[in-house]
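Colleague: Could you have a look at this structure, given as structure tokens, before my questions?
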Amino acid sequence: MKRHTLLAAILTMAATTLNADVIAPSDVVMNEYGDISESLTGEGGNPERGIEVMTDRGLGNCIACHQVTALEEFQFHGEVGPSLDGVGSRWDAAALRGIVVNAKNAFPDSVMPSFYRVDGFIRPGDGYTGRAIEGPISPILSAQDVEDIVAYLQTLTD
Amino acid sequence: MVTIKKNRLGLMGGAAVAALAFAGTAMADIGDNESLVVNGEIEMVIETDPPEHLQGVFDRIYSGWVFRSDETQAMQADDFENPGMIFADQAREAFDTVMGSEGNSCATCHENPESLADVRSTYPVWDEEHGTVQTVELQVNECMTERMGAEPYGYDSQEMRNMSALISSVGRGRIINVAMDGPAQETWEQGREIYYTRYGLLELSCANCHEQNYGNNIRADHLSQGQINAFPAYRLRNAQLNSVHGRFRGCIRDTRAETFAVGSPEFVALELYVATRGNGLTVEGPSIRN
């Protein structure tokens, strides 16, 4: 009986993550500039949660490299990339999504990591353990994380 | 939005310029006429012209000391303030202690640690007899196993980090002059290859952080050029001595990559290469880092 409930729970979880509307990393379609016009979840993101994803070290950790005036309450903004102030005026949603998914398309050889990609890595590790990853590679961010970030970045207008 | 696309190249240029401008501001923190004289007598070269193989890459090379806070810098200027020296002193005792089946101590053959003062500034070095490049750690273990009949120290063990601190400390102030040519060249090239490889899920190479972005902050850390002239380093964060390979492992792990092992041929090659990026700086270990 217990086992059945557990199994049912696992199945429901699998159903939500394998949501048919989510575009898998390998199925993402980009134009020649690296823009991605379609939402990865089929829906708009949540800008509030975008803040969390961008500032959490285990998730986007975007402020490790970028200064964002609107996020000043979070400590330690880096200087490796440009400030993201006004980025919503410089790029549209499709371009922002493209940059977060795989910045190397818009900026060849960029230092910026590719957050929604699963192949082509050299010695991929299991989180921050230093050990090799076992089994299939998950992208650094989920489709939902990416959409939430894109929604937040769009609020950063001049 | 179409205009954005047409301007894509222009905007990329803009981003690059912005990044450079940042680098410019941060650069103002470094090299502002500081100097490091340890115990009022050992003068360190904390910045100098790059070695020939890095000309065009760097205008100047800097010791990691330059990038640290005033308090951390001050600790390294006085051996009484430097906890790393306590560990070097522990190794001084080990140096005189008989170990292994042959009844030898290090001092049996090497009069005193000071007789090894030229070691740190010239290692890693090609070892003719073994036909490989050897780090200080490998050389110490060679003496223990082949000349003392003793068990080798673990590559990153406390004893080994202590001994490495002692061997650095007696060589402080000497100019780093590590050879990259001759029989060592192949290993050096392997090390360079590793230095520029973008490992892990974050796809970051040593160069992405320590060559392209030194002087910039990444999160709370002020990036240095990743030099190893000041190793081993006593880190305030973990209150212990940290070896060169331990540091390499930490940096690769942080790119969400599978690291190489301490003492591995890959890390020996990387150490040789990184050491030659510091040719012209001075031996500073044991140093203080955050």
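Please note that chains go A, B, ... in the order of the structure tokens, that every chain numbers its residues from 1, and that ligands are numbered from 1 in the order shown.
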Using only C-alpha atoms, determine which residues of chain B fall within 6 Å of chain A; present them as a PyMOL selection string.

Modeller: chain B and resi 18-19+199-202+216-220+253-254+256-259

Colleague: Can you tell me, as a list in words, which residues in stretch 217-250 of chain B count as alpha helix (DSSP H) by DSSP?

Modeller: Val244, His245, Gly246, Arg247, Phe248, Arg249 and Gly250 of chain B

Colleague: Please return, as a list in words, all residues of stretch 9-223 of chain B that DSSP assigns to strand (DSSP E or B) on the basis of the backbone.

Modeller: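 Result set for stretch 9-223 of chain B (strand (DSSP E or B)): Val37, Val38, Ile42, Glu43, Glu47, Thr48, Gln55, Phe58, Ile61, Tyr62, Met99, Asn104, Val125, Trp126, Asp127, Thr132, Val133, Gln134, Ile175, Tyr199, Leu204, Asn217, Ile218, Asp221 and His222 of chain B.
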
Colleague: Please produce a file of the residues just selected, as a compact mmCIF listing (two decimals), in the first residue's frame, where the atoms kept are C-alpha atoms.

Modeller:
# COMPACT_ATOMS: atom_id res chain seq x y z
CA VAL B 37 59.59 43.22 2.45
CA VAL B 38 59.32 40.21 4.76
CA ILE B 42 63.56 39.78 2.32
CA GLU B 43 62.58 41.98 -0.62
CA GLU B 47 55.18 42.85 -10.03
CA THR B 48 57.47 42.77 -13.02
CA GLN B 55 54.58 39.00 -23.93
CA PHE B 58 50.19 40.56 -19.98
CA ILE B 61 52.79 39.98 -14.01
CA TYR B 62 51.70 40.25 -10.38
CA MET B 99 62.99 7.96 9.08
CA ASN B 104 68.93 8.50 7.58
CA VAL B 125 62.24 20.53 -13.06
CA TRP B 126 63.20 17.76 -15.46
CA ASP B 127 64.67 14.78 -13.66
CA THR B 132 60.01 12.95 -15.97
CA VAL B 133 59.28 16.41 -14.66
CA GLN B 134 59.36 16.47 -10.87
CA ILE B 175 63.65 34.97 -8.44
CA TYR B 199 36.42 22.43 -18.30
CA LEU B 204 35.75 27.98 -17.76
CA ASN B 217 35.72 40.66 -8.88
CA ILE B 218 33.96 37.37 -9.38
CA ASP B 221 36.63 37.26 -4.84
CA HIS B 222 39.18 39.64 -6.31

Colleague: What lies within 12 Å of B:Tyr196 using only C-alpha atoms, ignoring chain neighbours under 6 positions off, as a ChimeraX atom specification?

Modeller: /B:189-190,203-212,270,273-274

Colleague: Pick out the closest residue to B:Glu41 from this set: B:Ala117, B:Asp70, B:Arg172, B:Cys109. Count only C-alpha atoms.

Modeller: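 Of the candidates, the smallest distance to B:Glu41 is held by B:Arg172.
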
Colleague: At a cut-off of 8 Å, using only C-alpha atoms, what residues contact B:Phe267? Leave out same-chain residues fewer than 6 positions from it and give the result as a count of residues only.

Modeller: 5

Colleague: B:Gly215, B:His110, B:Ser287, B:Tyr155: which is nearest B:Ala230, counting only C-alpha atoms?

Modeller: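 Of B:Gly215, B:His110, B:Ser287, B:Tyr155, the one nearest B:Ala230, counting only C-alpha atoms, is B:Ser287.
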
Colleague: Just the residues within 7 Å of B:Ile46, please, counting only C-alpha atoms, with nothing from its chain fewer than 3 positions along; format it as number ranges by chain.

Modeller: B: 62-63, 66, 281

Colleague: Next, the residues of the selection above should be written as a PDB file, in the first residue's frame with N, CA, C and O atoms.

Modeller:
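Okay, selection.pdb is ready:
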ATOM      1  N   TYR B  62      51.869  39.866 -11.788  1.00  0.00           N
ATOM      2  CA  TYR B  62      51.703  40.253 -10.383  1.00  0.00           C
ATOM      3  C   TYR B  62      51.644  39.037  -9.478  1.00  0.00           C
ATOM      4  O   TYR B  62      50.982  38.050  -9.805  1.00  0.00           O
ATOM      5  N   SER B  63      52.266  39.135  -8.344  1.00  0.00           N
ATOM      6  CA  SER B  63      52.063  38.146  -7.291  1.00  0.00           C
ATOM      7  C   SER B  63      50.627  38.259  -6.779  1.00  0.00           C
ATOM      8  O   SER B  63      50.051  39.356  -6.744  1.00  0.00           O
ATOM      9  N   VAL B  66      49.382  41.049  -4.231  1.00  0.00           N
ATOM     10  CA  VAL B  66      48.930  42.382  -4.632  1.00  0.00           C
ATOM     11  C   VAL B  66      47.406  42.512  -4.531  1.00  0.00           C
ATOM     12  O   VAL B  66      46.887  43.593  -4.276  1.00  0.00           O
ATOM     13  N   LEU B 281      58.973  36.719 -10.826  1.00  0.00           N
ATOM     14  CA  LEU B 281      58.483  37.037  -9.475  1.00  0.00           C
ATOM     15  C   LEU B 281      59.416  36.348  -8.467  1.00  0.00           C
ATOM     16  O   LEU B 281      60.359  35.668  -8.865  1.00  0.00           O
TER      17      LEU B 281
END

Colleague: What does the distance from atom CA of B:Glu151 to atom CA of B:Met85 come to in Å, to one decimal?

Modeller: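 Taking atom CA of B:Glu151 and atom CA of B:Met85, their separation equals 25.1 Å.
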